[in-house]
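This is work-v2.cif (mmCIF, C-alpha atoms).
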data_model
#
loop_
_atom_site.group_PDB
_atom_site.id
_atom_site.type_symbol
_atom_site.label_atom_id
_atom_site.label_comp_id
_atom_site.auth_asym_id
_atom_site.auth_seq_id
_atom_site.Cartn_x
_atom_site.Cartn_y
_atom_site.Cartn_z
ATOM 1 C CA MET I 151 -0.082 -8.831 -28.293
ATOM 2 C CA THR I 152 0.353 -10.673 -25.047
ATOM 3 C CA ARG I 153 -1.761 -13.670 -24.140
ATOM 4 C CA THR I 154 -3.099 -13.533 -20.616
ATOM 5 C CA ASN I 155 -5.905 -15.144 -18.648
ATOM 6 C CA ALA I 156 -8.167 -14.705 -15.628
ATOM 7 C CA TYR I 157 -5.611 -16.470 -13.412
ATOM 8 C CA THR I 158 -2.884 -13.928 -14.246
ATOM 9 C CA LEU I 159 -5.205 -10.980 -13.665
ATOM 10 C CA LEU I 160 -6.418 -12.431 -10.354
ATOM 11 C CA CYS I 161 -2.790 -12.887 -9.220
ATOM 12 C CA ILE I 162 -2.162 -9.238 -10.084
ATOM 13 C CA ALA I 163 -5.324 -8.149 -8.232
ATOM 14 C CA ILE I 164 -4.348 -10.169 -5.143
ATOM 15 C CA ARG I 165 -0.878 -8.623 -5.129
ATOM 16 C CA ALA I 166 -2.318 -5.132 -5.634
ATOM 17 C CA VAL I 167 -4.607 -5.621 -2.626
ATOM 18 C CA ILE I 168 -1.604 -6.844 -0.617
ATOM 19 C CA VAL I 169 0.309 -3.678 -1.561
ATOM 20 C CA TRP I 170 -2.684 -1.589 -0.470
ATOM 21 C CA VAL I 171 -3.063 -3.377 2.897
ATOM 22 C CA ALA I 172 0.695 -3.237 3.560
ATOM 23 C CA ALA I 173 0.766 0.476 2.757
ATOM 24 C CA ASN I 174 -2.204 1.024 5.096
ATOM 25 C CA SER I 175 -0.352 -0.852 7.832
ATOM 26 C CA LEU I 176 2.813 1.162 7.284
ATOM 27 C CA VAL I 177 0.886 4.441 7.389
ATOM 28 C CA GLY I 178 -0.285 3.480 10.877
ATOM 29 C CA VAL I 179 3.294 3.012 12.157
ATOM 30 C CA PRO I 180 3.943 6.691 13.086
ATOM 31 C CA SER I 181 0.768 6.842 15.195
ATOM 32 C CA LEU I 182 1.692 3.546 16.835
ATOM 33 C CA LEU I 183 5.185 4.798 17.626
ATOM 34 C CA PHE I 184 3.820 8.019 19.135
ATOM 35 C CA ALA I 185 1.325 5.997 21.216
ATOM 36 C CA ILE I 186 4.133 3.759 22.467
ATOM 37 C CA ARG I 187 6.221 6.819 23.307
ATOM 38 C CA ARG I 188 3.354 8.343 25.317
ATOM 39 C CA GLY I 189 2.510 5.030 26.976
ATOM 40 C CA GLU I 190 -0.970 4.885 25.425
ATOM 41 C CA MET I 191 -0.932 1.432 23.884
ATOM 42 C CA PRO I 192 -4.433 0.373 22.842
ATOM 43 C CA LEU I 193 -3.427 -3.294 22.834
ATOM 44 C CA GLY I 194 -1.826 -3.451 26.269
ATOM 45 C CA SER I 195 1.897 -3.180 25.770
ATOM 46 C CA ALA I 196 4.396 -1.959 23.220
ATOM 47 C CA GLY I 197 5.515 -5.531 22.571
ATOM 48 C CA THR I 198 1.967 -6.683 21.819
ATOM 49 C CA SER I 199 1.359 -3.773 19.446
ATOM 50 C CA LEU I 200 4.616 -4.359 17.580
ATOM 51 C CA ALA I 201 4.048 -8.133 17.499
ATOM 52 C CA ILE I 202 0.646 -7.633 15.887
ATOM 53 C CA MET I 203 2.138 -5.251 13.301
ATOM 54 C CA VAL I 204 4.940 -7.712 12.469
ATOM 55 C CA THR I 205 2.436 -10.584 12.280
ATOM 56 C CA VAL I 206 0.228 -8.661 9.849
ATOM 57 C CA LEU I 207 3.203 -7.811 7.625
ATOM 58 C CA GLY I 208 4.394 -11.431 7.815
ATOM 59 C CA LEU I 209 0.989 -12.731 6.755
ATOM 60 C CA LEU I 210 0.962 -10.253 3.889
ATOM 61 C CA ALA I 211 4.392 -11.502 2.800
ATOM 62 C CA LEU I 212 3.089 -15.085 2.813
ATOM 63 C CA ALA I 213 0.016 -14.046 0.837
ATOM 64 C CA TRP I 214 2.320 -12.311 -1.662
ATOM 65 C CA LEU I 215 4.426 -15.443 -2.064
ATOM 66 C CA PHE I 216 1.392 -17.685 -2.478
ATOM 67 C CA ALA I 217 -0.827 -15.343 -4.528
ATOM 68 C CA ASP I 218 -0.796 -17.862 -7.367
ATOM 69 C CA LYS I 219 -2.093 -20.608 -5.059
ATOM 70 C CA LEU I 220 -4.849 -18.299 -3.784
ATOM 71 C CA ALA I 221 -5.820 -17.469 -7.377
ATOM 72 C CA ARG I 222 -5.957 -21.168 -8.303
ATOM 73 C CA LEU I 223 -8.213 -21.840 -5.315
ATOM 74 C CA ALA I 224 -10.522 -18.992 -6.332
ATOM 75 C CA LEU I 225 -10.858 -20.052 -9.973
ATOM 76 C CA SER I 226 -12.414 -23.339 -11.079
ATOM 77 C CA SER I 227 -10.325 -23.503 -14.262
ATOM 78 C CA PRO I 228 -7.611 -20.810 -14.087
ATOM 79 C CA LYS I 229 -6.178 -21.169 -17.601
ATOM 80 C CA GLU I 230 -9.498 -21.462 -19.410
ATOM 81 C CA GLN I 231 -10.315 -17.866 -20.372
ATOM 82 C CA VAL I 232 -7.472 -16.539 -22.507
ATOM 83 C CA PHE I 233 -7.544 -13.152 -24.176
ATOM 84 C CA GLU I 234 -5.149 -10.923 -26.078
ATOM 85 C CA SER I 235 -3.873 -7.723 -24.508
ATOM 86 C CA ASP I 236 -1.402 -5.035 -25.485
ATOM 87 C CA LEU I 237 -0.241 -4.934 -21.853
ATOM 88 C CA GLU I 238 1.994 -7.479 -20.173
ATOM 89 C CA PRO I 239 1.059 -8.589 -16.637
ATOM 90 C CA ARG I 240 3.807 -6.462 -15.071
ATOM 91 C CA VAL I 241 2.298 -3.378 -16.760
ATOM 92 C CA TRP I 242 -1.105 -4.284 -15.270
ATOM 93 C CA LEU I 243 0.548 -4.514 -11.840
ATOM 94 C CA GLY I 244 2.257 -1.154 -12.406
ATOM 95 C CA LEU I 245 -1.098 0.404 -13.248
ATOM 96 C CA ALA I 246 -2.681 -1.141 -10.157
ATOM 97 C CA ILE I 247 0.128 0.223 -7.959
ATOM 98 C CA SER I 248 -0.322 3.674 -9.510
ATOM 99 C CA VAL I 249 -4.066 3.539 -8.825
ATOM 100 C CA ILE I 250 -3.291 2.630 -5.202
ATOM 101 C CA GLY I 251 -0.945 5.632 -5.126
ATOM 102 C CA ALA I 252 -3.721 7.899 -6.392
ATOM 103 C CA TRP I 253 -6.041 6.515 -3.711
ATOM 104 C CA PHE I 254 -3.491 7.202 -0.964
ATOM 105 C CA LEU I 255 -2.814 10.681 -2.324
ATOM 106 C CA PHE I 256 -6.503 11.619 -2.161
ATOM 107 C CA VAL I 257 -6.765 10.175 1.354
ATOM 108 C CA ALA I 258 -3.634 12.120 2.387
ATOM 109 C CA LEU I 259 -5.117 15.345 0.980
ATOM 110 C CA LYS I 260 -8.348 14.704 2.870
ATOM 111 C CA ASP I 261 -6.406 13.991 6.069
ATOM 112 C CA ALA I 262 -4.293 17.116 5.589
ATOM 113 C CA ALA I 263 -7.437 19.240 5.219
ATOM 114 C CA TYR I 264 -8.865 17.700 8.385
ATOM 115 C CA LEU I 265 -5.616 18.337 10.283
ATOM 116 C CA LEU I 266 -5.563 21.935 9.075
ATOM 117 C CA VAL I 267 -9.102 22.449 10.410
ATOM 118 C CA ARG I 268 -8.115 20.857 13.742
ATOM 119 C CA TRP I 269 -5.012 23.075 13.918
ATOM 120 C CA VAL I 270 -7.107 26.196 13.294
ATOM 121 C CA ILE I 271 -9.580 25.143 16.000
ATOM 122 C CA PHE I 272 -6.746 24.452 18.484
ATOM 123 C CA SER I 273 -4.991 27.712 17.689
ATOM 124 C CA ARG I 274 -8.198 29.716 18.237
ATOM 125 C CA ALA I 275 -9.142 27.822 21.405
ATOM 126 C CA LEU I 276 -5.646 28.138 22.887
ATOM 127 C CA PRO I 277 -4.291 31.622 22.200
ATOM 128 C CA GLY I 278 -0.537 31.881 21.790
ATOM 129 C CA SER I 279 1.679 29.381 20.090
ATOM 130 C CA LEU I 280 0.845 25.704 19.976
ATOM 131 C CA THR I 281 3.368 23.574 21.836
ATOM 132 C CA LEU I 282 3.571 19.901 22.673
ATOM 133 C CA ASP I 283 2.064 20.706 26.068
ATOM 134 C CA ASN I 284 -1.078 22.501 24.932
ATOM 135 C CA GLY I 285 -2.492 20.663 21.931
ATOM 136 C CA LEU I 286 0.142 20.061 19.293
ATOM 137 C CA ASP I 287 0.867 16.615 20.763
ATOM 138 C CA GLN I 288 -2.612 15.568 19.602
ATOM 139 C CA LEU I 289 -1.940 16.681 16.024
ATOM 140 C CA LEU I 290 1.678 15.588 15.600
ATOM 141 C CA PRO I 291 1.173 11.802 15.198
ATOM 142 C CA ASP I 292 -1.566 12.338 12.628
ATOM 143 C CA ALA I 293 0.508 14.948 10.804
ATOM 144 C CA VAL I 294 3.525 12.647 10.604
ATOM 145 C CA ALA I 295 1.303 9.781 9.383
ATOM 146 C CA THR I 296 -0.284 12.059 6.774
ATOM 147 C CA VAL I 297 3.101 13.224 5.471
ATOM 148 C CA PHE I 298 4.291 9.601 5.335
ATOM 149 C CA GLU I 299 1.077 8.640 3.512
ATOM 150 C CA ALA I 300 1.566 11.446 0.977
ATOM 151 C CA VAL I 301 5.177 10.432 0.315
ATOM 152 C CA LEU I 302 4.162 6.780 -0.085
ATOM 153 C CA ALA I 303 1.335 7.866 -2.393
ATOM 154 C CA MET I 304 3.692 9.864 -4.601
ATOM 155 C CA VAL I 305 6.134 6.940 -4.818
ATOM 156 C CA PHE I 306 3.329 4.545 -5.788
ATOM 157 C CA LEU I 307 1.676 7.009 -8.160
ATOM 158 C CA LEU I 308 4.799 8.169 -9.974
ATOM 159 C CA ARG I 309 6.884 4.986 -9.752
ATOM 160 C CA GLY I 310 4.211 2.261 -10.046
ATOM 161 C CA ARG I 311 5.706 0.890 -13.227
ATOM 162 C CA GLY I 312 9.224 0.962 -11.788
ATOM 163 C CA ILE I 313 8.045 -0.894 -8.675
ATOM 164 C CA SER I 314 6.351 -3.465 -10.891
ATOM 165 C CA ASN I 315 9.538 -3.903 -12.948
ATOM 166 C CA MET I 316 11.583 -4.286 -9.753
ATOM 167 C CA ILE I 317 9.187 -6.997 -8.531
ATOM 168 C CA HIS I 318 9.437 -8.705 -11.924
ATOM 169 C CA ARG I 319 13.260 -8.633 -11.753
ATOM 170 C CA TRP I 320 13.201 -10.131 -8.239
ATOM 171 C CA ARG I 321 10.903 -12.878 -9.427
ATOM 172 C CA TYR I 322 12.309 -13.728 -12.868
ATOM 173 C CA GLY I 323 15.774 -12.137 -12.909
ATOM 174 C CA ASP I 324 15.269 -9.901 -15.960
ATOM 175 C CA LEU I 325 12.673 -7.889 -17.839
ATOM 176 C CA LYS I 326 11.999 -10.376 -20.634
ATOM 177 C CA ALA I 327 8.475 -11.663 -21.144
ATOM 178 C CA GLU I 328 7.174 -13.813 -18.304
ATOM 179 C CA PRO I 329 7.043 -17.591 -18.846
ATOM 180 C CA SER I 330 3.224 -17.531 -18.795
ATOM 181 C CA ASP I 331 3.227 -14.948 -21.614
ATOM 182 C CA ALA I 332 4.720 -17.290 -24.194
ATOM 183 C CA ALA I 333 2.168 -18.281 -26.783
#
Would it be possible to restate this file's structure as structure tokens?
Amino acid sequence: MTRTNAYTLLCIAIRAVIVWVAANSLVGVPSLLFAIRRGEMPLGSAGTSLAIMVTVLGLLALAWLFADKLARLALSSPKEQVFESDLEPRVWLGLAISVIGAWFLFVALKDAAYLLVRWVIFSRALPGSLTLDNGLDQLLPDAVATVFEAVLAMVFLLRGRGISNMIHRWRYGDLKAEPSDAA
């Protein structure tokens, strides 16, 4: 049994939300790149759009690094509630990443169904083959983003535990029990 507490679980939840927001940001990159290529930047210029994306990812990186500080601020007494669990914190994080992967997979399937309907509508409205000039250019950015989202979802869903172990190795250097797990 591993001893854990509300503080550890809140740190895991904060990091899981950061993974979800970062993945959402990365899924938007293909559409942003297509918009930049077409000269349709919603935020003014390509530099502004890219600067905002980099700023968001930078803030997420800072939140990741200081997740423990955020958890301490959120809890009045972080170490107070201790309970026994068969799962180590890195396993909880792996499960959270896998759940995020499942979420992204379902969203990707929904988006793929929507794109298929749009493709059918375009192909019926514009007889002949779809080309970049007559409608496919409207579907391509969303299709690329959906494929990227599905790939990211599969990585998170199938490799959530491996990602969690990799994060643990980066943080502690090995896969032994975390210092906070010692009874």
Centre and edge lengths of an axis-aligned box around all listed atoms of stretch 182-191 of chain I, with 5 Å added on each side, are to be given in Å to one decimal, as lines of an AutoDock Vina configuration file.
center_x = 2.6
center_y = 4.9
center_z = 21.9
size_x = 17.2
size_y = 16.9
size_z = 20.1
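The space between atom CA of I:Leu237 and atom CA of I:Ile168 spans 21.4 Å.
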Just checking: using all atoms listed in the file, which residue out of I:Val177, I:Leu212, I:Ala201, I:Leu207 ends up closest to I:Ile164?
I:Leu212
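Across the structure, atom CA of I:Ile247 and atom CA of I:Met316 are spaced 12.4 Å apart.
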Minimum-distance residue to I:Trp214, chosen among I:Asn155, I:Ala172, I:Val270, I:Ser181 (using all atoms listed in the file)
I:Ala172
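The result of the PyMOL selection byres ((chain I and resi 173) around 10) on the shown file is Val167, Ile168, Val169, Trp170, Val171, Ala172, Asn174, Ser175, Leu176, Val177, Gly178, Leu207, Ile250, Gly251, Phe254, Glu299, Leu302, Ala303 and Phe306 of chain I.
Nearest to I:Asp218 of all the residues I:Trp269, I:Trp242, I:Phe256, I:Tyr157 is I:Tyr157, based on all atoms listed in the file.
Restricting the calculation to all atoms listed in the file, the smallest distance between I:Ile313 and any of I:Leu289, I:Ala246, I:Leu266, I:Val297 is found for I:Ala246.
Among the candidates I:Ala166, I:Val267, I:Leu160, I:Leu308, the residue lying nearest to I:Leu210 is I:Ala166 (atoms considered: all atoms listed in the file).
Nearest to I:Asp292 of all the residues I:Ile162, I:Ala275, I:Pro239, I:Pro180 is I:Pro180, counting only C-alpha atoms.
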